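Everything below belongs to run25.cif, which stores mmCIF, C-alpha atoms.
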```
data_query
loop_
_atom_site.label_atom_id
_atom_site.label_comp_id
_atom_site.auth_asym_id
_atom_site.auth_seq_id
_atom_site.Cartn_x
_atom_site.Cartn_y
_atom_site.Cartn_z
CA MET R 3 1.18 -8.59 -42.04
CA ASN R 4 -1.16 -11.14 -40.51
CA LEU R 5 -1.33 -12.17 -36.89
CA LYS R 6 0.36 -15.58 -37.14
CA GLN R 7 3.18 -14.21 -39.27
CA THR R 8 3.82 -11.47 -36.71
CA LEU R 9 3.97 -14.01 -33.90
CA ALA R 10 6.24 -16.26 -35.96
CA GLU R 11 8.68 -13.40 -36.55
CA LEU R 12 8.68 -12.50 -32.85
CA VAL R 13 9.27 -16.10 -31.76
CA ALA R 14 12.14 -16.41 -34.25
CA ILE R 15 14.05 -13.68 -32.40
CA ASP R 16 15.91 -15.24 -29.49
CA SER R 17 15.19 -12.81 -26.65
CA VAL R 18 16.10 -14.87 -23.59
CA SER R 19 16.76 -12.50 -20.69
CA ALA R 20 20.46 -13.41 -20.59
CA ARG R 21 20.95 -11.77 -24.01
CA PRO R 22 20.68 -8.12 -25.12
CA ASN R 23 17.15 -7.45 -26.37
CA GLY R 24 18.24 -5.11 -29.15
CA PRO R 25 17.14 -7.42 -32.01
CA VAL R 26 13.54 -7.72 -30.81
CA ILE R 27 13.41 -4.00 -30.00
CA ASP R 28 14.68 -3.20 -33.52
CA TYR R 29 11.88 -5.31 -34.94
CA LEU R 30 9.24 -3.67 -32.77
CA ALA R 31 10.55 -0.17 -33.41
CA ALA R 32 10.32 -0.71 -37.18
CA ARG R 33 6.80 -2.12 -36.91
CA CYS R 34 5.60 0.72 -34.70
CA ASP R 35 7.20 3.33 -36.95
CA ASP R 36 5.45 1.82 -39.99
CA LEU R 37 2.15 1.96 -38.10
CA GLY R 38 2.56 5.69 -37.50
CA PHE R 39 3.72 5.73 -33.89
CA SER R 40 6.36 8.05 -32.51
CA VAL R 41 9.01 5.70 -31.13
CA GLN R 42 11.32 6.32 -28.19
CA GLN R 43 13.95 3.96 -26.82
CA PHE R 44 15.23 3.94 -23.24
CA PRO R 45 18.44 1.89 -23.02
CA TYR R 46 20.23 0.78 -19.89
CA VAL R 47 23.05 -1.59 -19.01
CA ASP R 48 22.17 -4.57 -16.84
CA ASP R 49 24.25 -5.95 -13.97
CA ASN R 50 26.18 -8.18 -16.39
CA GLY R 51 27.13 -5.35 -18.73
CA ARG R 52 24.56 -6.16 -21.40
CA GLN R 53 22.52 -3.42 -23.04
CA LYS R 54 18.78 -3.66 -22.56
CA ILE R 55 16.12 -1.38 -24.01
CA ASN R 56 12.58 -0.35 -23.12
CA LEU R 57 10.55 0.91 -26.08
CA LEU R 58 7.69 3.41 -25.91
CA ALA R 59 5.52 4.04 -28.97
CA LEU R 60 3.08 6.98 -28.84
CA ALA R 61 0.14 7.83 -31.09
CA GLY R 62 -2.18 10.82 -30.89
CA GLU R 63 -1.33 14.02 -29.12
CA GLN R 64 2.38 13.96 -28.37
CA ALA R 65 2.04 14.31 -24.64
CA THR R 66 3.51 12.51 -21.69
CA ALA R 67 0.01 11.46 -20.58
CA VAL R 68 -1.98 8.83 -22.49
CA GLU R 69 -5.44 7.38 -22.09
CA LEU R 70 -4.47 3.74 -22.65
CA VAL R 71 -1.18 1.85 -22.76
CA LEU R 72 -0.72 -1.74 -23.88
CA VAL R 73 2.27 -3.39 -22.19
CA GLY R 74 4.26 -6.48 -23.18
CA HIS R 75 7.65 -7.74 -22.06
CA THR R 76 10.14 -8.67 -24.75
CA ASP R 77 12.23 -11.23 -22.86
CA THR R 78 11.62 -14.93 -22.43
CA VAL R 79 12.90 -17.61 -20.10
CA PRO R 80 15.62 -19.99 -21.42
CA TYR R 81 14.65 -23.05 -23.41
CA ASP R 82 15.95 -26.62 -23.49
CA PRO R 83 18.45 -26.98 -26.36
CA ASN R 84 16.79 -30.30 -27.15
CA TRP R 85 13.67 -28.34 -28.11
CA THR R 86 14.97 -27.75 -31.61
CA ALA R 87 11.82 -25.96 -32.76
CA ALA R 88 11.78 -23.48 -29.87
CA LEU R 89 12.35 -20.52 -32.21
CA THR R 90 10.14 -21.81 -35.02
CA LEU R 91 6.43 -21.17 -34.55
CA THR R 92 4.65 -24.45 -35.17
CA GLU R 93 0.89 -24.92 -35.49
CA ARG R 94 -0.74 -28.11 -34.37
CA ASP R 95 -4.28 -28.94 -33.18
CA GLY R 96 -5.33 -25.30 -32.98
CA LYS R 97 -2.26 -24.31 -30.96
CA LEU R 98 0.85 -22.30 -31.80
CA PHE R 99 4.03 -23.64 -30.21
CA GLY R 100 7.31 -21.80 -29.57
CA ARG R 101 9.32 -20.12 -26.83
CA GLY R 102 7.48 -16.95 -25.90
CA ALA R 103 4.43 -17.93 -27.97
CA CYS R 104 2.42 -17.76 -24.76
CA ASP R 105 4.52 -15.53 -22.50
CA THR R 106 4.17 -12.83 -23.87
CA LYS R 107 4.89 -12.56 -27.57
CA ALA R 108 1.31 -13.61 -28.30
CA PHE R 109 0.05 -10.48 -26.56
CA ILE R 110 2.60 -8.31 -28.38
CA ALA R 111 1.55 -9.79 -31.73
CA ALA R 112 -2.10 -9.19 -30.86
CA ALA R 113 -1.37 -5.58 -29.91
CA LEU R 114 0.49 -4.89 -33.16
CA THR R 115 -2.29 -6.51 -35.16
CA ALA R 116 -4.99 -4.60 -33.28
CA VAL R 117 -3.47 -1.19 -34.01
CA ASP R 118 -2.69 -2.15 -37.61
CA SER R 119 -6.41 -2.09 -38.41
CA LEU R 120 -7.02 1.34 -36.83
CA ASP R 121 -6.66 4.84 -38.22
CA LEU R 122 -4.36 6.40 -35.65
CA LYS R 123 -4.89 9.85 -37.17
CA LYS R 124 -8.44 9.81 -35.84
CA LEU R 125 -7.47 9.21 -32.22
CA ARG R 126 -9.20 11.59 -29.82
CA HIS R 127 -7.05 10.50 -26.88
CA PRO R 128 -3.43 9.34 -27.03
CA LEU R 129 -2.51 5.65 -27.12
CA ALA R 130 0.80 4.04 -26.18
CA LEU R 131 2.53 0.71 -26.62
CA LEU R 132 5.21 -0.13 -24.07
CA PHE R 133 7.61 -3.03 -24.61
CA THR R 134 9.90 -3.77 -21.67
CA ALA R 135 13.09 -5.70 -20.93
CA ASP R 136 13.99 -8.19 -18.20
CA GLU R 137 10.53 -8.93 -16.83
CA GLU R 138 11.40 -12.58 -16.32
CA ILE R 139 14.33 -11.82 -14.01
CA GLY R 140 12.70 -9.26 -11.73
CA LEU R 141 10.54 -6.77 -13.67
CA ILE R 142 13.74 -4.78 -14.10
CA GLY R 143 12.85 -2.92 -17.28
CA ALA R 144 9.44 -1.89 -15.99
CA LYS R 145 10.93 -0.76 -12.68
CA ARG R 146 13.46 1.42 -14.50
CA PHE R 147 10.78 2.87 -16.74
CA ALA R 148 8.50 3.63 -13.79
CA ALA R 149 11.37 5.26 -11.90
CA GLU R 150 12.13 7.51 -14.87
CA GLN R 151 8.48 8.68 -14.98
CA LYS R 152 8.58 9.11 -18.75
CA LEU R 153 4.86 8.49 -19.08
CA LYS R 154 1.56 8.98 -17.29
CA ALA R 155 -1.35 6.75 -18.18
CA ARG R 156 -5.00 6.55 -17.20
CA PHE R 157 -5.50 2.88 -18.09
CA ALA R 158 -3.10 0.00 -18.79
CA ILE R 159 -3.60 -3.52 -20.14
CA VAL R 160 -0.58 -5.58 -19.13
CA GLY R 161 -0.03 -8.63 -21.28
CA GLU R 162 0.34 -11.93 -19.46
CA PRO R 163 -1.21 -15.35 -20.17
CA THR R 164 -4.53 -15.31 -18.29
CA SER R 165 -6.68 -17.29 -20.75
CA LEU R 166 -8.20 -13.87 -21.54
CA GLN R 167 -9.62 -13.46 -18.04
CA PRO R 168 -9.08 -9.90 -16.82
CA MET R 169 -7.04 -9.85 -13.62
CA ARG R 170 -7.54 -6.70 -11.56
CA ALA R 171 -5.21 -7.47 -8.65
CA GLY R 172 -2.02 -9.36 -7.99
CA LYS R 173 0.25 -10.28 -5.14
CA GLY R 174 3.74 -8.85 -4.87
CA TYR R 175 6.96 -10.80 -4.95
CA CYS R 176 9.81 -10.43 -2.46
CA LEU R 177 13.11 -12.19 -2.04
CA ALA R 178 15.78 -12.17 0.66
CA GLU R 179 19.01 -14.07 1.31
CA VAL R 180 19.52 -14.79 5.01
CA THR R 181 23.01 -15.66 6.25
CA VAL R 182 23.78 -17.08 9.68
CA LYS R 183 27.40 -17.11 10.87
CA GLY R 184 28.61 -19.12 13.85
CA ARG R 185 31.99 -20.61 14.72
CA GLU R 186 33.56 -23.76 13.31
CA ALA R 187 34.91 -26.49 15.59
CA HIS R 188 35.54 -30.24 15.65
CA SER R 189 32.19 -32.00 15.96
CA ALA R 190 33.58 -34.10 18.82
CA TYR R 191 33.87 -30.89 20.88
CA PRO R 192 30.70 -28.91 20.11
CA ALA R 193 31.21 -26.57 23.06
CA LEU R 194 34.16 -25.04 21.20
CA GLY R 195 31.96 -23.88 18.32
CA THR R 196 28.58 -22.36 17.56
CA SER R 197 26.52 -24.14 14.91
CA ALA R 198 25.19 -21.81 12.21
CA VAL R 199 22.97 -24.66 10.99
CA PHE R 200 21.27 -25.00 14.37
CA GLY R 201 20.91 -21.22 14.52
CA ALA R 202 19.36 -21.17 11.07
CA ALA R 203 17.04 -24.02 12.04
CA ARG R 204 15.73 -22.08 15.02
CA LEU R 205 15.15 -19.03 12.83
CA LEU R 206 13.37 -21.18 10.25
CA ALA R 207 11.07 -22.47 12.97
CA ARG R 208 10.27 -18.87 13.84
CA LEU R 209 9.58 -18.12 10.16
CA GLU R 210 7.09 -20.96 10.10
CA LYS R 211 5.28 -19.27 13.00
CA ILE R 212 5.46 -15.94 11.17
CA ALA R 213 3.86 -17.58 8.13
CA GLU R 214 1.03 -18.84 10.35
CA ARG R 215 0.62 -15.37 11.85
CA LEU R 216 0.32 -13.76 8.41
CA GLN R 217 -2.53 -16.12 7.56
CA SER R 218 -4.73 -13.96 9.82
CA GLU R 219 -4.17 -10.94 7.52
CA THR R 220 -6.35 -11.79 4.55
CA HIS R 221 -7.56 -10.54 1.20
CA SER R 222 -10.62 -12.57 0.24
CA ASP R 223 -10.15 -12.15 -3.52
CA PHE R 224 -7.05 -14.36 -3.51
CA GLU R 225 -6.48 -18.09 -3.13
CA PRO R 226 -4.78 -18.54 -0.77
CA PRO R 227 -6.14 -15.31 0.73
CA HIS R 228 -2.98 -14.36 2.63
CA THR R 229 0.70 -13.64 2.12
CA THR R 230 2.57 -16.86 1.38
CA LEU R 231 6.13 -17.57 2.50
CA ASN R 232 8.61 -20.13 1.24
CA VAL R 233 12.18 -21.18 1.98
CA GLY R 234 13.24 -22.96 -1.18
CA LEU R 235 17.01 -23.17 -0.73
CA VAL R 236 19.15 -23.98 2.31
CA GLN R 237 22.92 -24.47 2.29
CA GLY R 238 25.31 -24.79 5.20
CA GLY R 239 28.37 -26.45 6.62
CA THR R 240 31.54 -27.81 5.03
CA ALA R 241 31.87 -31.41 6.29
CA LYS R 242 30.00 -34.01 8.32
CA ASN R 243 32.43 -33.73 11.25
CA VAL R 244 32.73 -29.93 11.42
CA ILE R 245 30.46 -27.65 13.43
CA ALA R 246 28.95 -25.48 10.70
CA GLY R 247 30.39 -21.97 10.65
CA GLU R 248 27.89 -20.64 8.13
CA CYS R 249 24.42 -21.40 6.85
CA ARG R 250 22.34 -19.47 4.37
CA PHE R 251 18.83 -19.80 3.03
CA THR R 252 16.68 -18.08 0.43
CA LEU R 253 13.38 -16.69 1.60
CA GLU R 254 10.59 -15.59 -0.73
CA TRP R 255 7.16 -14.18 0.08
CA ARG R 256 4.21 -12.92 -1.94
CA PRO R 257 2.43 -10.12 -0.08
CA ILE R 258 -1.23 -9.41 -0.64
CA PRO R 259 -2.12 -5.93 -1.95
CA GLY R 260 -2.19 -3.38 0.82
CA GLN R 261 0.45 -5.20 2.84
CA GLY R 262 3.88 -3.72 2.26
CA PRO R 263 6.91 -5.94 1.63
CA ALA R 264 8.42 -4.65 4.88
CA ARG R 265 5.70 -6.31 6.96
CA LEU R 266 7.43 -9.69 6.88
CA LEU R 267 10.90 -8.14 7.13
CA ASP R 268 9.91 -6.37 10.35
CA LEU R 269 8.73 -9.66 11.85
CA LEU R 270 11.91 -11.38 10.66
CA HIS R 271 14.19 -8.75 12.23
CA THR R 272 12.30 -9.04 15.52
CA ALA R 273 12.88 -12.80 15.46
CA ILE R 274 16.57 -12.27 14.69
CA ALA R 275 16.95 -9.86 17.59
CA GLU R 276 15.48 -12.45 19.95
CA GLU R 277 17.74 -15.21 18.57
CA THR R 278 20.80 -12.98 18.89
CA ALA R 279 19.95 -12.21 22.50
CA ALA R 280 19.68 -15.93 23.24
CA GLU R 281 22.92 -16.79 21.42
CA PRO R 282 25.29 -13.79 21.04
CA ASN R 283 27.86 -15.86 19.14
CA LEU R 284 25.55 -16.04 16.12
CA VAL R 285 25.54 -13.24 13.56
CA PHE R 286 22.55 -12.85 11.24
CA ALA R 287 22.47 -10.85 8.00
CA VAL R 288 19.51 -10.24 5.68
CA ASP R 289 19.97 -9.14 2.07
CA ALA R 290 16.51 -8.14 0.84
CA ALA R 291 17.27 -8.28 -2.86
CA ARG R 292 13.73 -7.78 -4.16
CA ALA R 293 10.63 -6.16 -2.70
CA ASP R 294 7.84 -5.86 -5.27
CA GLN R 295 4.48 -4.69 -4.04
CA GLY R 296 1.19 -6.08 -5.26
CA PHE R 297 -1.40 -4.08 -7.15
CA GLU R 298 -5.15 -3.70 -7.01
CA THR R 299 -7.56 -1.95 -9.37
CA SER R 300 -11.09 -1.27 -8.19
CA VAL R 301 -13.92 -3.55 -9.25
CA SER R 302 -15.70 -0.38 -10.41
CA SER R 303 -12.90 0.67 -12.77
CA GLU R 304 -14.10 1.47 -16.30
CA LEU R 305 -11.36 -0.75 -17.69
CA VAL R 306 -12.27 -3.68 -15.45
CA ASN R 307 -15.93 -3.40 -16.40
CA LEU R 308 -15.15 -3.10 -20.11
CA LEU R 309 -12.88 -6.14 -20.15
CA GLU R 310 -15.39 -8.18 -18.17
CA ASN R 311 -18.03 -7.34 -20.80
CA LEU R 312 -15.71 -8.02 -23.74
CA THR R 313 -14.46 -11.36 -22.42
CA GLY R 314 -17.59 -12.57 -20.68
CA GLN R 315 -15.46 -13.37 -17.64
CA SER R 316 -15.47 -11.83 -14.18
CA ALA R 317 -12.25 -10.14 -13.14
CA GLY R 318 -9.96 -12.25 -11.00
CA THR R 319 -6.58 -12.06 -9.28
CA VAL R 320 -3.12 -13.52 -9.89
CA ALA R 321 -0.47 -14.76 -7.50
CA PHE R 322 2.43 -14.51 -9.95
CA GLY R 323 4.45 -11.36 -10.56
CA THR R 324 3.46 -8.89 -13.29
CA GLU R 325 4.37 -5.37 -14.37
CA ALA R 326 0.96 -4.01 -13.33
CA ALA R 327 2.35 -2.56 -10.10
CA GLN R 328 4.85 -0.48 -12.09
CA LEU R 329 2.08 0.80 -14.35
CA SER R 330 0.15 1.76 -11.23
CA GLU R 331 3.16 3.88 -10.26
CA LEU R 332 2.63 5.72 -13.56
CA GLY R 333 -0.93 6.54 -12.51
CA ALA R 334 -2.70 3.80 -14.43
CA GLU R 335 -5.65 1.66 -13.46
CA ALA R 336 -4.02 -1.58 -14.56
CA VAL R 337 -5.51 -4.91 -15.60
CA VAL R 338 -3.53 -8.01 -16.55
CA LEU R 339 -4.88 -9.92 -19.55
CA GLY R 340 -3.62 -12.02 -22.41
CA PRO R 341 -4.05 -15.19 -24.46
CA GLY R 342 -2.66 -18.50 -23.24
CA ASN R 343 -2.49 -20.10 -19.83
CA ILE R 344 0.28 -19.32 -17.33
CA ARG R 345 0.55 -23.05 -16.63
CA GLU R 346 1.78 -23.54 -20.20
CA ALA R 347 4.39 -20.77 -19.94
CA HIS R 348 8.06 -21.54 -19.18
CA ARG R 349 7.65 -25.12 -20.39
CA THR R 350 9.15 -27.02 -23.29
CA GLY R 351 6.30 -27.05 -25.76
CA GLU R 352 4.91 -23.69 -24.61
CA PHE R 353 1.88 -22.76 -26.72
CA VAL R 354 -0.97 -20.32 -27.21
CA PRO R 355 -4.40 -21.38 -28.54
CA VAL R 356 -5.10 -19.78 -31.94
CA ALA R 357 -8.68 -18.94 -30.94
CA GLU R 358 -7.52 -17.01 -27.87
CA LEU R 359 -4.83 -15.19 -29.84
CA GLU R 360 -7.38 -14.05 -32.41
CA ALA R 361 -9.91 -13.10 -29.73
CA CYS R 362 -7.27 -10.99 -28.00
CA VAL R 363 -6.92 -8.84 -31.12
CA THR R 364 -10.63 -8.05 -31.02
CA ILE R 365 -10.55 -7.29 -27.30
CA LEU R 366 -7.66 -4.86 -27.74
CA GLN R 367 -9.27 -3.21 -30.75
CA GLN R 368 -12.49 -2.62 -28.83
CA SER R 369 -10.59 -1.36 -25.79
CA ILE R 370 -8.72 1.16 -27.91
CA ALA R 371 -11.96 2.21 -29.57
CA ARG R 372 -13.62 2.72 -26.20
CA PHE R 373 -10.90 4.84 -24.61
CA CYS R 374 -9.05 6.51 -27.47
CA TYR R 375 -11.69 7.31 -30.13
#
```
How does this structure look as structure tokens?
Amino acid sequence: MNLKQTLAELVAIDSVSARPNGPVIDYLAARCDDLGFSVQQFPYVDDNGRQKINLLALAGEQATAVELVLVGHTDTVPYDPNWTAALTLTERDGKLFGRGACDTKAFIAAALTAVDSLDLKKLRHPLALLFTADEEIGLIGAKRFAAEQKLKARFAIVGEPTSLQPMRAGKGYCLAEVTVKGREAHSAYPALGTSAVFGAARLLARLEKIAERLQSETHSDFEPPHTTLNVGLVQGGTAKNVIAGECRFTLEWRPIPGQGPARLLDLLHTAIAEETAAEPNLVFAVDAARADQGFETSVSSELVNLLENLTGQSAGTVAFGTEAAQLSELGAEAVVLGPGNIREAHRTGEFVPVAELEACVTILQQSIARFCY
């Protein structure tokens, strides 16, 4: 089966994160089995009761340790129902359009095509393909797989749209919901209440100072070179003439590698303690729902150097979340790489350039040849 046909069949399977990913896993399992891989499935039930599956395909010595693993996530973000061709791969002006065509079904198609041309019986070192669930909603499948420790790997290429530039490091991604509770009262008599909105505003001002403080802790390979912080959602109060009894906001931060997710949380809790001492009638609660660390692979890594030579591009860094950190937990020196540009992902009209898709096949073939033959 040729490369474009493989991508077309993958795009045709609706694998939005809100749905079970069984259909796309069934497709991948059949393809990997036909290629001569030993296929294992690792199902789990998500928080909404839907079954999700991670798939591991092994070739070579049947061991729990492999030389190289190629990683792609099977889920996509939702698509606008007005994009009627979202699940039909369409070629135009040297680009292939469709939901997931860029992020990351293009990489999966390239990986399947790359191994299709190889004689897996001649492998000297084991090779693995790992296809995960729920990357788009929190790297959930990869986190589960890493926690289960079903695999050890020396090197990992994690598929994400990087325009084929190898990315050897990435920031983490953390999320917390902060709730401030005060006491409601008539706005004409503010002394009878305690405004949760004012309390939240004072804490937000402190968070702005914390963000400035973190700018002094830098990693020069990133732009910006420090942990970034954002408050994207704020909600509080019930009416214009009621002292707000509750206010909540959503805080996200992207820590640089080497700086643990708890660094900002520690500073936040210190600020909360000081605010509570100043106003005992306020109650603060922090629900740290997500705390993903960054990753960093050495510039001297064999995989980094190989991919730099194969692509003709120096290794860079990414600020968006990837599954590379989870592969690092499995012992791998991880590099993020794939066809397409992240700026085209998650959009109506998402696409991957044909030339990059085809080049990715060659890069993966040569990587497998270097490490597994």
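With only C-alpha atoms as the atoms that count, the minimum distance from Gly333 (chain R) to the choices R:Gln151, R:Ser222, R:Ser369, R:Thr278 is reached by R:Gln151.
Of the residues under consideration (R:Phe200, R:Arg208, R:Pro282, R:Gly262), R:Phe200 shows the shortest atom-to-atom contact distance to Gly247 (chain R) when counting only C-alpha atoms.
The closest residue to Glu138 (chain R), picked from R:Arg156, R:Lys173, R:His75, R:His188 and counting all atoms listed in the file, is R:His75.
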### Message
I need the residue nearest Leu329 (chain R) from this list: R:Arg292, R:His221, R:Arg204, R:Lys154. Use only C-alpha atoms for the distance.
### Response
R:Lys154
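Using all atoms listed in the file, the smallest distance between any of R:Leu266, R:Ala198, R:Leu120, R:Cys374 and Thr229 (chain R) comes from R:Leu266.
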### Task
Starting from the displayed file, determine the output of the PyMOL selection byres ((chain R and resi 44) around 7) and express the residue list as a list of chain:residue names.
R:Gln42, R:Gln43, R:Pro45, R:Tyr46, R:Ile55, R:Asn56, R:Leu57
### Task
Could you state which residues are captured by the PyMOL selection byres ((chain R and resi 21) around 10) in this file, as a ChimeraX atom specification?
/R:16-20,22-25,50,52-54,77-78,136
